[in-house]
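S.K.: One structure is given below, represented as structure tokens, and several questions about it will come after.
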Amino acid sequence: MKTKNQKRGDYDMKKGLSLLVILMLVLSLAVTGCGKKQEATTPPPAAADDVIKIGIFEPMTGANAAGGALEVEGIRLANELYPEVLGKKVELVLADNKSDVVEAASAAARLVDRDKVVAIIGSWGSSLSMAAGDIVRDAKVPAVAASATNPLVTLGNDFYFRVCFLDPFQGTVMANYAYNNLGAKKVAIIREVSSDYSVGLAKFFEDAFKQLTGDPNAVIEVSNYNTGDSDFSSQLLNISAKNPDAIFAPGNFTESALIIAQARKLGIQTPFFGGDTWETPEFLELGGAAVEGAVFSTFFSSDVPITEESQIFLDAYRAKFGKEPAAVTALGYDAYLVILKAIERAGTTDPEAIRNEIAKTANFPGAAGMITLDENGDAVKSAVIKVVKDGEFVYSTTVEPF
């Protein structure tokens with residue numbers, strides 16, 4: 001017969017064994033559950049091989065965000081219409097360069113190093129594109145700018161291309177417009193001195209205008225301001241005192257609209273004209289009635305479809321957005337197509353092979369016109385002149401390359 005202490009010992013041992021069994025069951029369920037959870041969240045191992053990544057390198061925030069958004073509209077529309085190449089889905093990877101040259105270099109580096117894109121589209125803003133130049137060249141990943149017009153974007157860089165015209169041509173077009181259409185003999189320039197685009201275009205215009213007039217003093221004033229400035233009264237009063245026939249203002253859409261609005265408030269009625277950066281809804285919204293009659297050069301007009309692809313683009317854009325596209329939207333669309341066709345011709349996703357095929361682009365029917373790239377990777381394109389009329393951008397004429 002067991003003593004009271006012996007019985008208590010047997011009870012304690014049974015209790016301990018029971019607890020041990022329960023603990024083992026709990027641990028077993030936990031391990032099984034974790035295994036199932038891990039299995040459920042693990043992506044298919046071949047998923048990365050099923051897509052081809054193309055980077056989008058654009059300002060989505062900051063001073064140039066409106067321009068970047070317009071280009072992205074066109075890129076994404078092209079991807080919706082043409083989503084595959086070489087039997088694989090094309091995945092767009094967007095990097096915001098934040099309208100800043102330091103951020104631009106970082107954004108391009110991320111696309112190349114982290115996202116492993118095979119090509120890059122962008123950027124709105126020549127300075128931002130130039131900031132990425134060394135990145136794409138050293139990585140040997142091709143980039144195609146939609147609307148970056150400064151010659152330095154592609155100069156000396158075999159991996160940077162563009163589907164738009166250059167500022168030497170745009171500057172000459174606007175010099176001819178001022179001289180022949182406005183009858184200007186003396187002009188003033190107000191430029192965004194912190195922008196490579198604005199400084200470059202102003203210089204090309206100045207050289208062309210002096211040559212047209214035969215007068216080395218035909219440009220009577222060059223005034224400067226910085227990106228983000230909002231008060232231009234001192235520059236405008238100085239310009240007005242010299243009584244120019246017209247004022248060339250090749251800056252960003254925000255500052256340009258404010259400049260014109262302030263000029264009108266100061267009683268300055270001198271005609272203003274500028275470059276492709278003006279063609280954004282923000283220019284009209286900020287400028288209001290003050291920008292009526294403003295004239296600028298741009299890349300494309302929906303009033304004049306140029307190719308069959310122009311009509312495909314216009315029909316798809318109107319159906320999706322219920323409005324008319326900006327010229328840079330058509331160029332973003334074209335940049336995507338140029339890369340897509342190069343991948344198709346290369347038959348591979350090797351970036352260097354794609355680069356070689358992009359360089360061979362000739363007589364390609366894009367939405368914004370025929371595209372042939374020269375030895376520098378630049379497109380030889382016509383220019384469109386538009387005027388602000390009744391709060392809208394209205395087509396005026398087309399100017400062919402000289």
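Letters for chains follow the order of the structure tokens (A, B, ...), residue numbers begin at 1 for each chain, and ligand numbers begin at 1 in the order shown.
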Could you give me the residues within stretch 123-212 of chain A that DSSP places in alpha helix (DSSP H), as a ChimeraX atom specification?

M.R.: /A:126-131,133-139,167-176,196-212

S.K.: Mind dumping the selected residues with N, CA, C and O atoms as a short mmCIF file (atom, residue, chain, number, x, y, z; two decimals), in the first residue's frame?

M.R.:
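Writing the result to result_27.cif gives the following:
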data_model
loop_
_atom_site.label_atom_id
_atom_site.label_comp_id
_atom_site.auth_asym_id
_atom_site.auth_seq_id
_atom_site.Cartn_x
_atom_site.Cartn_y
_atom_site.Cartn_z
N SER A 126 15.93 69.11 -68.87
CA SER A 126 17.26 68.72 -69.36
C SER A 126 18.27 68.56 -68.24
O SER A 126 19.10 67.64 -68.27
N SER A 127 18.24 69.44 -67.23
CA SER A 127 19.19 69.33 -66.13
C SER A 127 19.05 68.00 -65.41
O SER A 127 20.05 67.39 -65.00
N LEU A 128 17.82 67.53 -65.25
CA LEU A 128 17.57 66.26 -64.57
C LEU A 128 18.08 65.09 -65.41
O LEU A 128 18.66 64.13 -64.88
N SER A 129 17.88 65.17 -66.71
CA SER A 129 18.40 64.12 -67.60
C SER A 129 19.92 64.10 -67.57
O SER A 129 20.55 63.03 -67.50
N MET A 130 20.53 65.28 -67.61
CA MET A 130 21.99 65.36 -67.61
C MET A 130 22.58 64.80 -66.32
O MET A 130 23.66 64.21 -66.30
N ALA A 131 21.86 64.96 -65.20
CA ALA A 131 22.33 64.45 -63.91
C ALA A 131 22.43 62.92 -63.91
O ALA A 131 23.19 62.34 -63.13
N GLY A 133 23.23 61.21 -66.68
CA GLY A 133 24.04 60.81 -67.82
C GLY A 133 25.15 59.84 -67.48
O GLY A 133 25.32 58.79 -68.12
N ASP A 134 25.95 60.16 -66.47
CA ASP A 134 27.07 59.29 -66.09
C ASP A 134 26.57 57.95 -65.57
O ASP A 134 27.22 56.91 -65.79
N ILE A 135 25.42 57.96 -64.89
CA ILE A 135 24.87 56.72 -64.32
C ILE A 135 24.57 55.72 -65.43
O ILE A 135 24.99 54.56 -65.37
N VAL A 136 23.82 56.15 -66.43
CA VAL A 136 23.41 55.21 -67.49
C VAL A 136 24.60 54.82 -68.37
O VAL A 136 24.68 53.67 -68.83
N ARG A 137 25.50 55.77 -68.61
CA ARG A 137 26.67 55.45 -69.44
C ARG A 137 27.56 54.41 -68.76
O ARG A 137 27.99 53.43 -69.38
N ASP A 138 27.85 54.61 -67.47
CA ASP A 138 28.73 53.69 -66.75
C ASP A 138 28.09 52.32 -66.58
O ASP A 138 28.78 51.29 -66.60
N ALA A 139 26.76 52.29 -66.39
CA ALA A 139 26.06 51.01 -66.22
C ALA A 139 25.75 50.35 -67.55
O ALA A 139 25.35 49.19 -67.59
N ASP A 167 17.35 72.28 -78.72
CA ASP A 167 17.20 73.72 -78.50
C ASP A 167 17.84 74.60 -79.58
O ASP A 167 17.31 75.69 -79.84
N PRO A 168 18.95 74.21 -80.22
CA PRO A 168 19.44 75.05 -81.31
C PRO A 168 18.38 75.26 -82.40
O PRO A 168 18.23 76.37 -82.92
N PHE A 169 17.62 74.21 -82.70
CA PHE A 169 16.54 74.30 -83.67
C PHE A 169 15.38 75.12 -83.09
O PHE A 169 14.85 76.02 -83.73
N GLN A 170 15.00 74.82 -81.84
CA GLN A 170 13.88 75.52 -81.22
C GLN A 170 14.18 77.02 -81.07
O GLN A 170 13.32 77.87 -81.31
N GLY A 171 15.43 77.34 -80.71
CA GLY A 171 15.81 78.74 -80.57
C GLY A 171 15.74 79.47 -81.90
O GLY A 171 15.28 80.63 -81.97
N THR A 172 16.16 78.80 -82.96
CA THR A 172 16.11 79.40 -84.30
C THR A 172 14.67 79.58 -84.77
O THR A 172 14.32 80.60 -85.38
N VAL A 173 13.82 78.59 -84.47
CA VAL A 173 12.40 78.69 -84.82
C VAL A 173 11.77 79.91 -84.17
O VAL A 173 11.05 80.69 -84.83
N MET A 174 12.04 80.13 -82.90
CA MET A 174 11.41 81.25 -82.19
C MET A 174 12.04 82.59 -82.60
O MET A 174 11.36 83.62 -82.57
N ALA A 175 13.30 82.58 -82.96
CA ALA A 175 13.93 83.81 -83.48
C ALA A 175 13.27 84.22 -84.79
O ALA A 175 12.98 85.41 -85.02
N ASN A 176 13.03 83.24 -85.65
CA ASN A 176 12.35 83.52 -86.91
C ASN A 176 10.92 84.00 -86.67
O ASN A 176 10.44 84.90 -87.37
N ASP A 196 19.48 74.67 -66.92
CA ASP A 196 20.29 74.49 -68.13
C ASP A 196 19.45 74.66 -69.38
O ASP A 196 19.92 75.19 -70.39
N TYR A 197 18.23 74.18 -69.31
CA TYR A 197 17.31 74.30 -70.45
C TYR A 197 17.09 75.77 -70.80
O TYR A 197 17.25 76.18 -71.95
N SER A 198 16.72 76.57 -69.82
CA SER A 198 16.39 77.97 -70.06
C SER A 198 17.61 78.76 -70.55
O SER A 198 17.52 79.53 -71.51
N VAL A 199 18.74 78.57 -69.90
CA VAL A 199 19.95 79.29 -70.29
C VAL A 199 20.39 78.90 -71.71
O VAL A 199 20.74 79.76 -72.52
N GLY A 200 20.33 77.59 -72.00
CA GLY A 200 20.73 77.13 -73.32
C GLY A 200 19.81 77.65 -74.41
O GLY A 200 20.28 78.16 -75.44
N LEU A 201 18.51 77.54 -74.21
CA LEU A 201 17.55 77.99 -75.22
C LEU A 201 17.65 79.50 -75.42
O LEU A 201 17.56 79.99 -76.56
N ALA A 202 17.84 80.24 -74.34
CA ALA A 202 18.00 81.69 -74.46
C ALA A 202 19.21 82.04 -75.32
O ALA A 202 19.16 82.96 -76.16
N LYS A 203 20.29 81.32 -75.14
CA LYS A 203 21.52 81.59 -75.90
C LYS A 203 21.32 81.26 -77.38
O LYS A 203 21.74 82.04 -78.26
N PHE A 204 20.70 80.14 -77.68
CA PHE A 204 20.48 79.77 -79.08
C PHE A 204 19.54 80.77 -79.76
O PHE A 204 19.73 81.11 -80.92
N PHE A 205 18.51 81.21 -79.03
CA PHE A 205 17.62 82.23 -79.57
C PHE A 205 18.39 83.53 -79.84
O PHE A 205 18.24 84.15 -80.90
N GLU A 206 19.17 83.96 -78.88
CA GLU A 206 19.91 85.22 -79.00
C GLU A 206 20.83 85.21 -80.22
O GLU A 206 20.84 86.17 -81.01
N ASP A 207 21.57 84.12 -80.38
CA ASP A 207 22.49 84.03 -81.53
C ASP A 207 21.74 84.08 -82.85
O ASP A 207 22.16 84.77 -83.79
N ALA A 208 20.62 83.33 -82.92
CA ALA A 208 19.85 83.28 -84.16
C ALA A 208 19.20 84.63 -84.46
O ALA A 208 19.15 85.07 -85.62
N PHE A 209 18.69 85.31 -83.43
CA PHE A 209 18.02 86.59 -83.64
C PHE A 209 19.00 87.67 -84.11
O PHE A 209 18.69 88.47 -85.00
N LYS A 210 20.18 87.69 -83.53
CA LYS A 210 21.20 88.66 -83.95
C LYS A 210 21.60 88.42 -85.41
O LYS A 210 21.82 89.36 -86.18
N GLN A 211 21.69 87.15 -85.78
CA GLN A 211 22.05 86.83 -87.16
C GLN A 211 20.94 87.25 -88.12
O GLN A 211 21.21 87.79 -89.21
N LEU A 212 19.70 87.02 -87.74
CA LEU A 212 18.56 87.41 -88.58
C LEU A 212 18.51 88.92 -88.81
O LEU A 212 18.28 89.39 -89.92
#

S.K.: Please provide as a PyMOL selection string all residues within 9 Å of stretch 298-313 of chain A, with the sequence filter that same-chain residues fewer than 2 positions apart are discarded (counting only C-alpha atoms).

M.R.: chain A and resi 74+77-78+147+164-165+170+275-279+296+315-318+324-328+330-331+333+365-370+381-386+394-395+398

S.K.: May I have the residues within 9 Å of A:Gly347 as a ChimeraX atom specification, using only C-alpha atoms and disregarding those fewer than 6 positions away in the same chain?

M.R.: /A:86,353-354

S.K.: Find, counting only C-alpha atoms, the residue in A:Arg355, A:Phe273, A:Ala66, A:Ile259 that gets nearest to A:Val338.

M.R.: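 Under the stated criterion, the closest residue is A:Arg355.
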
S.K.: I'd like to know which of A:Arg264, A:Arg191, A:Arg110, A:Lys140 is closest to A:Gln235, using only C-alpha atoms.

M.R.: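 Between A:Arg264, A:Arg191, A:Arg110, A:Lys140, the residue approaching A:Gln235 most closely is A:Arg191.
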